[in-house]
Each structure stands twice: as structure tokens, then as C-alpha cells.
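Engineer: Next comes the structure file model_1.pdb, holding PDB, C-alpha atoms, pLDDT in the B column.
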ATOM      1  CA  MET A  15      97.199 149.918 153.410  1.00 39.00           C
ATOM      2  CA  THR A  16      95.721 152.632 151.237  1.00 39.00           C
ATOM      3  CA  GLY A  17      98.701 153.719 149.154  1.00 44.00           C
ATOM      4  CA  VAL A  18     101.976 152.570 147.750  1.00 46.00           C
ATOM      5  CA  LEU A  19     103.988 155.062 149.801  1.00 45.00           C
ATOM      6  CA  GLU A  20     102.737 153.918 153.215  1.00 47.00           C
ATOM      7  CA  THR A  21     105.037 152.089 155.576  1.00 47.00           C
ATOM      8  CA  HIS A  22     104.056 149.096 157.640  1.00 50.00           C
ATOM      9  CA  PRO A  23     101.638 150.083 160.455  1.00 52.00           C
ATOM     10  CA  ASP A  24     103.884 148.489 163.108  1.00 51.00           C
ATOM     11  CA  SER A  25     106.903 150.423 161.834  1.00 52.00           C
ATOM     12  CA  GLU A  26     108.943 152.181 164.499  1.00 53.00           C
ATOM     13  CA  LEU A  27     110.733 154.376 161.997  1.00 50.00           C
ATOM     14  CA  GLU A  28     111.666 157.939 162.791  1.00 53.00           C
ATOM     15  CA  PRO A  29     110.120 160.611 160.529  1.00 60.00           C
ATOM     16  CA  GLN A  30     113.397 161.039 158.592  1.00 60.00           C
ATOM     17  CA  ALA A  31     113.680 157.284 158.044  1.00 62.00           C
ATOM     18  CA  ASP A  32     110.056 157.221 156.927  1.00 84.00           C
ATOM     19  CA  THR A  33     110.835 159.932 154.359  1.00 89.00           C
ATOM     20  CA  LEU A  34     113.881 157.982 153.139  1.00 89.00           C
ATOM     21  CA  HIS A  35     111.775 154.848 152.782  1.00 89.00           C
ATOM     22  CA  LYS A  36     109.123 156.742 150.829  1.00 91.00           C
ATOM     23  CA  ALA A  37     111.799 158.159 148.525  1.00 93.00           C
ATOM     24  CA  ALA A  38     113.251 154.658 147.992  1.00 93.00           C
ATOM     25  CA  ILE A  39     109.769 153.287 147.250  1.00 94.00           C
ATOM     26  CA  ALA A  40     109.225 156.104 144.727  1.00 95.00           C
ATOM     27  CA  ILE A  41     112.591 155.376 143.063  1.00 95.00           C
ATOM     28  CA  GLY A  42     111.658 151.694 142.884  1.00 95.00           C
ATOM     29  CA  GLY A  43     108.337 152.540 141.282  1.00 96.00           C
ATOM     30  CA  ALA A  44     109.989 154.927 138.811  1.00 96.00           C
ATOM     31  CA  THR A  45     112.554 152.265 137.917  1.00 96.00           C
ATOM     32  CA  ALA A  46     109.827 149.669 137.330  1.00 96.00           C
ATOM     33  CA  VAL A  47     107.775 152.070 135.184  1.00 97.00           C
ATOM     34  CA  SER A  48     110.828 153.106 133.139  1.00 95.00           C
ATOM     35  CA  GLY A  49     111.593 149.431 132.638  1.00 96.00           C
ATOM     36  CA  LEU A  50     108.115 148.981 131.193  1.00 97.00           C
ATOM     37  CA  GLY A  51     108.848 151.962 128.938  1.00 96.00           C
ATOM     38  CA  LEU A  52     111.997 150.241 127.668  1.00 96.00           C
ATOM     39  CA  ILE A  53     109.990 147.115 126.931  1.00 96.00           C
ATOM     40  CA  ALA A  54     107.266 149.050 125.099  1.00 97.00           C
ATOM     41  CA  ALA A  55     109.329 151.662 123.219  1.00 97.00           C
ATOM     42  CA  PRO A  56     113.041 150.806 123.147  1.00 96.00           C
ATOM     43  CA  ARG A  57     113.786 152.806 119.967  1.00 97.00           C
ATOM     44  CA  LEU A  58     112.322 155.971 121.483  1.00 97.00           C
ATOM     45  CA  VAL A  59     114.482 155.559 124.590  1.00 94.00           C
ATOM     46  CA  LEU A  60     117.554 154.874 122.459  1.00 95.00           C
ATOM     47  CA  ARG A  61     116.923 158.083 120.471  1.00 95.00           C
ATOM     48  CA  VAL A  62     116.507 160.089 123.694  1.00 94.00           C
ATOM     49  CA  MET A  63     119.811 158.633 124.931  1.00 92.00           C
ATOM     50  CA  GLY A  64     121.509 159.648 121.677  1.00 93.00           C
ATOM     51  CA  ALA A  65     122.214 156.040 120.727  1.00 93.00           C
ATOM     52  CA  GLY A  66     121.695 154.078 117.532  1.00 92.00           C
ATOM     53  CA  THR A  67     118.375 152.315 117.003  1.00 95.00           C
ATOM     54  CA  ALA A  68     119.506 149.454 114.740  1.00 95.00           C
ATOM     55  CA  GLU A  69     119.066 145.877 115.901  1.00 90.00           C
ATOM     56  CA  PRO A  70     120.086 144.295 118.231  1.00 92.00           C
ATOM     57  CA  SER A  71     119.929 147.450 120.408  1.00 94.00           C
ATOM     58  CA  PRO A  72     116.111 147.578 120.716  1.00 94.00           C
ATOM     59  CA  PHE A  73     115.976 143.869 121.513  1.00 93.00           C
ATOM     60  CA  LEU A  74     118.640 144.230 124.199  1.00 94.00           C
ATOM     61  CA  PHE A  75     116.912 147.310 125.646  1.00 94.00           C
ATOM     62  CA  ARG A  76     113.726 145.253 126.023  1.00 95.00           C
ATOM     63  CA  ILE A  77     115.692 142.701 128.054  1.00 92.00           C
ATOM     64  CA  ILE A  78     117.199 145.502 130.167  1.00 95.00           C
ATOM     65  CA  GLY A  79     113.663 146.852 130.627  1.00 95.00           C
ATOM     66  CA  MET A  80     112.499 143.520 132.003  1.00 94.00           C
ATOM     67  CA  PHE A  81     115.296 143.534 134.570  1.00 94.00           C
ATOM     68  CA  MET A  82     114.585 147.166 135.463  1.00 95.00           C
ATOM     69  CA  THR A  83     110.927 146.323 136.032  1.00 95.00           C
ATOM     70  CA  VAL A  84     111.812 143.424 138.317  1.00 93.00           C
ATOM     71  CA  SER A  85     114.554 145.250 140.253  1.00 93.00           C
ATOM     72  CA  GLY A  86     112.382 148.357 140.626  1.00 94.00           C
ATOM     73  CA  GLY A  87     109.568 146.280 142.064  1.00 93.00           C
ATOM     74  CA  LEU A  88     112.038 144.578 144.389  1.00 92.00           C
ATOM     75  CA  LEU A  89     113.300 147.954 145.621  1.00 93.00           C
ATOM     76  CA  ALA A  90     109.764 149.260 146.196  1.00 92.00           C
ATOM     77  CA  ASP A  91     108.799 146.124 148.131  1.00 89.00           C
ATOM     78  CA  GLY A  92     112.055 146.017 150.091  1.00 89.00           C
ATOM     79  CA  ALA A  93     111.890 149.674 151.093  1.00 89.00           C
ATOM     80  CA  GLY A  94     108.270 149.292 152.178  1.00 85.00           C
ATOM     81  CA  ALA A  95     108.866 146.212 154.313  1.00 80.00           C
ATOM     82  CA  ALA A  96     108.828 146.783 158.077  1.00 68.00           C
ATOM     83  CA  ARG A  97     111.392 144.041 158.549  1.00 61.00           C
ATOM     84  CA  GLY A  98     113.332 141.777 156.234  1.00 53.00           C
ATOM     85  CA  GLY A  99     113.730 144.161 153.298  1.00 81.00           C
ATOM     86  CA  ARG A 100     117.470 144.590 153.866  1.00 86.00           C
ATOM     87  CA  MET A 101     118.494 141.946 151.334  1.00 86.00           C
ATOM     88  CA  ALA A 102     116.237 143.497 148.676  1.00 89.00           C
ATOM     89  CA  LEU A 103     117.673 146.939 149.430  1.00 91.00           C
ATOM     90  CA  ARG A 104     121.255 145.693 149.218  1.00 91.00           C
ATOM     91  CA  TRP A 105     120.740 144.105 145.791  1.00 90.00           C
ATOM     92  CA  ALA A 106     118.750 147.084 144.508  1.00 92.00           C
ATOM     93  CA  MET A 107     121.658 149.316 145.564  1.00 94.00           C
ATOM     94  CA  VAL A 108     124.108 147.082 143.695  1.00 93.00           C
ATOM     95  CA  ALA A 109     121.880 147.245 140.598  1.00 92.00           C
ATOM     96  CA  LYS A 110     121.783 151.064 140.768  1.00 94.00           C
ATOM     97  CA  VAL A 111     125.574 151.287 141.161  1.00 95.00           C
ATOM     98  CA  GLY A 112     125.990 148.934 138.197  1.00 93.00           C
ATOM     99  CA  ALA A 113     123.542 150.950 136.115  1.00 93.00           C
ATOM    100  CA  ALA A 114     125.339 154.210 136.926  1.00 95.00           C
ATOM    101  CA  ILE A 115     128.709 152.743 135.968  1.00 95.00           C
ATOM    102  CA  GLY A 116     127.327 151.115 132.817  1.00 92.00           C
ATOM    103  CA  VAL A 117     125.601 154.241 131.523  1.00 93.00           C
ATOM    104  CA  TYR A 118     128.628 156.394 132.377  1.00 95.00           C
ATOM    105  CA  ALA A 119     130.846 153.935 130.470  1.00 94.00           C
ATOM    106  CA  GLY A 120     128.387 154.119 127.555  1.00 91.00           C
ATOM    107  CA  VAL A 121     128.711 157.917 127.476  1.00 93.00           C
ATOM    108  CA  ARG A 122     132.512 157.801 127.769  1.00 95.00           C
ATOM    109  CA  SER A 123     132.729 155.298 124.889  1.00 93.00           C
ATOM    110  CA  LYS A 124     130.310 157.432 122.818  1.00 91.00           C
ATOM    111  CA  ARG A 125     127.669 154.696 122.677  1.00 90.00           C
ATOM    112  CA  PHE A 126     125.277 157.117 124.419  1.00 90.00           C
ATOM    113  CA  GLY A 127     125.069 160.872 124.102  1.00 92.00           C
ATOM    114  CA  LYS A 128     126.000 163.196 126.954  1.00 95.00           C
ATOM    115  CA  GLN A 129     122.354 163.287 128.005  1.00 94.00           C
ATOM    116  CA  GLY A 130     122.999 159.785 129.398  1.00 93.00           C
ATOM    117  CA  LEU A 131     124.976 161.438 132.207  1.00 96.00           C
ATOM    118  CA  ALA A 132     121.660 162.563 133.737  1.00 96.00           C
ATOM    119  CA  LEU A 133     120.552 158.928 133.939  1.00 94.00           C
ATOM    120  CA  ALA A 134     123.914 157.878 135.403  1.00 95.00           C
ATOM    121  CA  ALA A 135     123.624 160.637 138.008  1.00 97.00           C
ATOM    122  CA  PHE A 136     120.069 159.563 138.885  1.00 95.00           C
ATOM    123  CA  ASP A 137     121.151 155.952 139.363  1.00 95.00           C
ATOM    124  CA  ALA A 138     124.162 156.967 141.465  1.00 97.00           C
ATOM    125  CA  SER A 139     121.944 159.219 143.599  1.00 97.00           C
ATOM    126  CA  ALA A 140     119.418 156.418 143.996  1.00 95.00           C
ATOM    127  CA  ALA A 141     122.198 154.102 145.195  1.00 96.00           C
ATOM    128  CA  GLY A 142     123.205 156.732 147.759  1.00 97.00           C
ATOM    129  CA  LEU A 143     119.627 157.086 148.973  1.00 95.00           C
ATOM    130  CA  ILE A 144     119.272 153.313 149.328  1.00 93.00           C
ATOM    131  CA  ALA A 145     122.532 153.257 151.314  1.00 95.00           C
ATOM    132  CA  ALA A 146     121.097 155.981 153.589  1.00 93.00           C
ATOM    133  CA  VAL A 147     117.959 153.897 154.154  1.00 90.00           C
ATOM    134  CA  MET A 148     120.089 150.880 155.049  1.00 89.00           C
ATOM    135  CA  LEU A 149     122.277 152.903 157.431  1.00 90.00           C
ATOM    136  CA  LYS A 150     119.247 154.459 159.086  1.00 85.00           C
ATOM    137  CA  ASP A 151     117.702 151.008 159.600  1.00 80.00           C
ATOM    138  CA  SER A 152     120.844 149.449 161.069  1.00 79.00           C
TER     139      SER A 152
END
Show me, as C-alpha cells, the structure contained in the file I just sent.

Structural biologist:
Amino acid sequence: MTGVLETHPDSELEPQADTLHKAAIAIGGATAVSGLGLIAAPRLVLRVMGAGTAEPSPFLFRIIGMFMTVSGGLLADGAGAARGGRMALRWAMVAKVGAAIGVYAGVRSKRFGKQGLALAAFDASAAGLIAAVMLKDS
């Protein structure tokens, strides 16, 4: 294997399924990297989201970042697996749905600025893509 976006060499996936898997792997990687960003610079992320930066928000964002890093890695591994990644995909999809709902609720309750809707839309779209991967594999 020479790159993160390769599928298993014994994979019998159709080209469209291969593209979906690559997109899911990329979303997993992006989620893991953004989680590391939350761990490293939570106040910056809170400012970008239009939220307050007083404690305990940065502390809690670091914890969220840890979970994002782990769930993003799980999604990338699950989407890249030739077989057996279905459970990882299912739970990654649930995490993305939960994130979309949580961020949307944060915007509605004015805890986050309206720019948070872009993040909620990304997470909802990612959940849809993961569902497409699962349907294609079934």
C-alpha cells in the first residue's frame, strides 16, 4: 500500500464504490486532523465558530477533539477495509449525525454563530456519504 486513499488490493469494488470509499477515507482523515486542531488550539476554533472562549469551553473542546481524532481514524480505517469495516462505518455515521444535530442545536440556541451551520452541513453530508458507502457495499 503506497497511499492512504488506496483500497485493499483484493477489493472487488466497482469504480463508483471505490470513489465513495476514497471520499469516506478523506472525510475520516479530515475529521481526525480537525480533532487534533481542537486539541491544539481550542480557543481559535471557538472564535471561528463565534462562541465564547472562557473556561470550561476550551477544556471541553479538547475532549471533543480527542473523540474526533479517534472517530475520524476509525472512519478512515473502516472505509479502507476490504471486509469487516461495516461496524466502523455504522458508528462513524452515527457520530456524524450526532455532530450535525449538536452543532445545529448550538447555532439555534445561539451558543455558536451562524457560521457553525457550515460545519453542521458538512457533518450531515458526511453521514450521507457514509450511508451511501454502506448501501453500495451491501

Engineer: Determine the nearest neighbour of Leu149 in chain A from the options A:Ala68, A:Leu34, A:Leu133, A:Ala113, counting only C-alpha atoms.

Structural biologist: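 Comparing A:Ala68, A:Leu34, A:Leu133, A:Ala113 against Leu149 in chain A, the winner is A:Leu34.
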
Engineer: Report, in Å to a single decimal, how far apart CA of Pro56 in chain A and CA of Phe73 in chain A are.

Structural biologist: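 Computing the Euclidean distance for CA of Phe73 in chain A and CA of Pro56 in chain A yields 7.7 Å.
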
Engineer: Quick check on the file I pasted: which residues fall under the PyMOL selection byres ((chain A and resi 117) around 10)? Write them as a list of chain:residue names.

Structural biologist: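 Answer for the PyMOL selection byres ((chain A and resi 117) around 10): A:Met63, A:Gly112, A:Ala113, A:Ala114, A:Ile115, A:Gly116, A:Tyr118, A:Ala119, A:Gly120, A:Val121, A:Arg122, A:Ser123, A:Arg125, A:Phe126, A:Gly127, A:Gly130, A:Leu131, A:Ala132, A:Leu133, A:Ala134, A:Ala135, A:Asp137.
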
Engineer: Pull out every residue that the PyMOL selection byres ((chain A and resi 147) around 12) matches in the shown coordinates and put them as number ranges by chain.

Structural biologist: A: 27-28, 30-39, 89, 92-95, 99-100, 102-104, 106-107, 140-146, 148-152

Engineer: If we count only C-alpha atoms, what is near Phe75 in chain A at a cut-off of 8 Å, once residues fewer than 2 positions away on the same chain are taken out, given as a PDB file with C-alpha atoms, in the coordinates of the input?

Structural biologist:
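Listed below is the output, selection-v1.pdb:
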ATOM      1  CA  LEU A  52     111.997 150.241 127.668  1.00 96.00           C
ATOM      2  CA  ILE A  53     109.990 147.115 126.931  1.00 96.00           C
ATOM      3  CA  PRO A  56     113.041 150.806 123.147  1.00 96.00           C
ATOM      4  CA  SER A  71     119.929 147.450 120.408  1.00 94.00           C
ATOM      5  CA  PRO A  72     116.111 147.578 120.716  1.00 94.00           C
ATOM      6  CA  PHE A  73     115.976 143.869 121.513  1.00 93.00           C
ATOM      7  CA  ILE A  77     115.692 142.701 128.054  1.00 92.00           C
ATOM      8  CA  ILE A  78     117.199 145.502 130.167  1.00 95.00           C
ATOM      9  CA  GLY A  79     113.663 146.852 130.627  1.00 95.00           C
TER      10      GLY A  79
END

Engineer: I'd like the interatomic distance between CA of Phe136 in chain A and CA of Lys110 in chain A, to a tenth of an Å.

Structural biologist: 8.9 Å

Engineer: Point out the residue among A:Val62, A:Val47, A:Val111, A:Ala138 with the least atom-to-atom distance to Phe81 in chain A, counting only C-alpha atoms.

Structural biologist: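 Once distances to Phe81 in chain A are computed over only C-alpha atoms, the minimum belongs to A:Val47.
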
Engineer: Work out how far CA of Lys124 in chain A is from CA of Thr83 in chain A, in Å to one decimal.

Structural biologist: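 Distance reported for this atom pair: 26.0 Å.
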
Engineer: With distances taken over only C-alpha atoms, which residue among A:Gln129, A:Thr45, A:Ser139, A:Thr67 lies nearest Leu88 in chain A?

Structural biologist: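 Checking each of A:Gln129, A:Thr45, A:Ser139, A:Thr67 against Leu88 in chain A, counting only C-alpha atoms, the winner is A:Thr45.
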
Engineer: Can you tell me, as lines of an AutoDock Vina configuration file, the centre and edge lengths (Å, one decimal) of the axis-aligned box enclosing all of range 44-52 of chain A's listed atoms after padding each side by 5 Å?

Structural biologist:
center_x = 110.2
center_y = 152.0
center_z = 133.2
size_x = 14.8
size_y = 15.9
size_z = 21.1

Engineer: Complete range 55-75 of chain A at the level of N, CA and C atoms, written as a compact mmCIF listing (two decimals), in the frame of the given file.

Structural biologist:
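Listing of rebuild.txt after writing:
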# COMPACT_ATOMS: atom_id res chain seq x y z
N ALA A 55 108.84 150.72 124.24
CA ALA A 55 109.33 151.66 123.22
C ALA A 55 110.85 151.80 123.27
N PRO A 56 111.58 150.73 123.02
CA PRO A 56 113.04 150.81 123.15
C PRO A 56 113.69 151.78 122.16
N ARG A 57 113.17 151.89 120.94
CA ARG A 57 113.79 152.81 119.97
C ARG A 57 113.65 154.26 120.40
N LEU A 58 112.51 154.61 120.98
CA LEU A 58 112.32 155.97 121.48
C LEU A 58 113.34 156.28 122.58
N VAL A 59 113.52 155.35 123.50
CA VAL A 59 114.48 155.56 124.59
C VAL A 59 115.90 155.66 124.03
N LEU A 60 116.22 154.82 123.07
CA LEU A 60 117.55 154.87 122.46
C LEU A 60 117.79 156.23 121.78
N ARG A 61 116.78 156.76 121.10
CA ARG A 61 116.92 158.08 120.47
C ARG A 61 117.13 159.16 121.52
N VAL A 62 116.36 159.10 122.62
CA VAL A 62 116.51 160.09 123.69
C VAL A 62 117.91 160.02 124.29
N MET A 63 118.47 158.83 124.39
CA MET A 63 119.81 158.63 124.93
C MET A 63 120.90 158.97 123.92
N GLY A 64 120.52 159.30 122.69
CA GLY A 64 121.51 159.65 121.68
C GLY A 64 122.24 158.44 121.14
N ALA A 65 121.59 157.29 121.18
CA ALA A 65 122.21 156.04 120.73
C ALA A 65 121.57 155.57 119.43
N GLY A 66 122.24 154.66 118.76
CA GLY A 66 121.70 154.08 117.53
C GLY A 66 120.49 153.20 117.82
N THR A 67 119.61 153.08 116.82
CA THR A 67 118.38 152.32 117.00
C THR A 67 118.34 151.03 116.19
N ALA A 68 119.47 150.68 115.54
CA ALA A 68 119.51 149.45 114.74
C ALA A 68 119.54 148.23 115.66
N GLU A 69 119.00 147.14 115.15
CA GLU A 69 119.07 145.88 115.90
C GLU A 69 120.53 145.50 116.09
N PRO A 70 120.91 144.88 117.18
CA PRO A 70 120.09 144.29 118.23
C PRO A 70 119.79 145.24 119.40
N SER A 71 120.11 146.53 119.28
CA SER A 71 119.93 147.45 120.41
C SER A 71 118.51 147.47 120.97
N PRO A 72 117.45 147.58 120.14
CA PRO A 72 116.11 147.58 120.72
C PRO A 72 115.78 146.27 121.44
N PHE A 73 116.21 145.17 120.87
CA PHE A 73 115.98 143.87 121.51
C PHE A 73 116.65 143.81 122.88
N LEU A 74 117.90 144.25 122.93
CA LEU A 74 118.64 144.23 124.20
C LEU A 74 118.03 145.21 125.20
N PHE A 75 117.55 146.36 124.74
CA PHE A 75 116.91 147.31 125.65
C PHE A 75 115.63 146.74 126.23
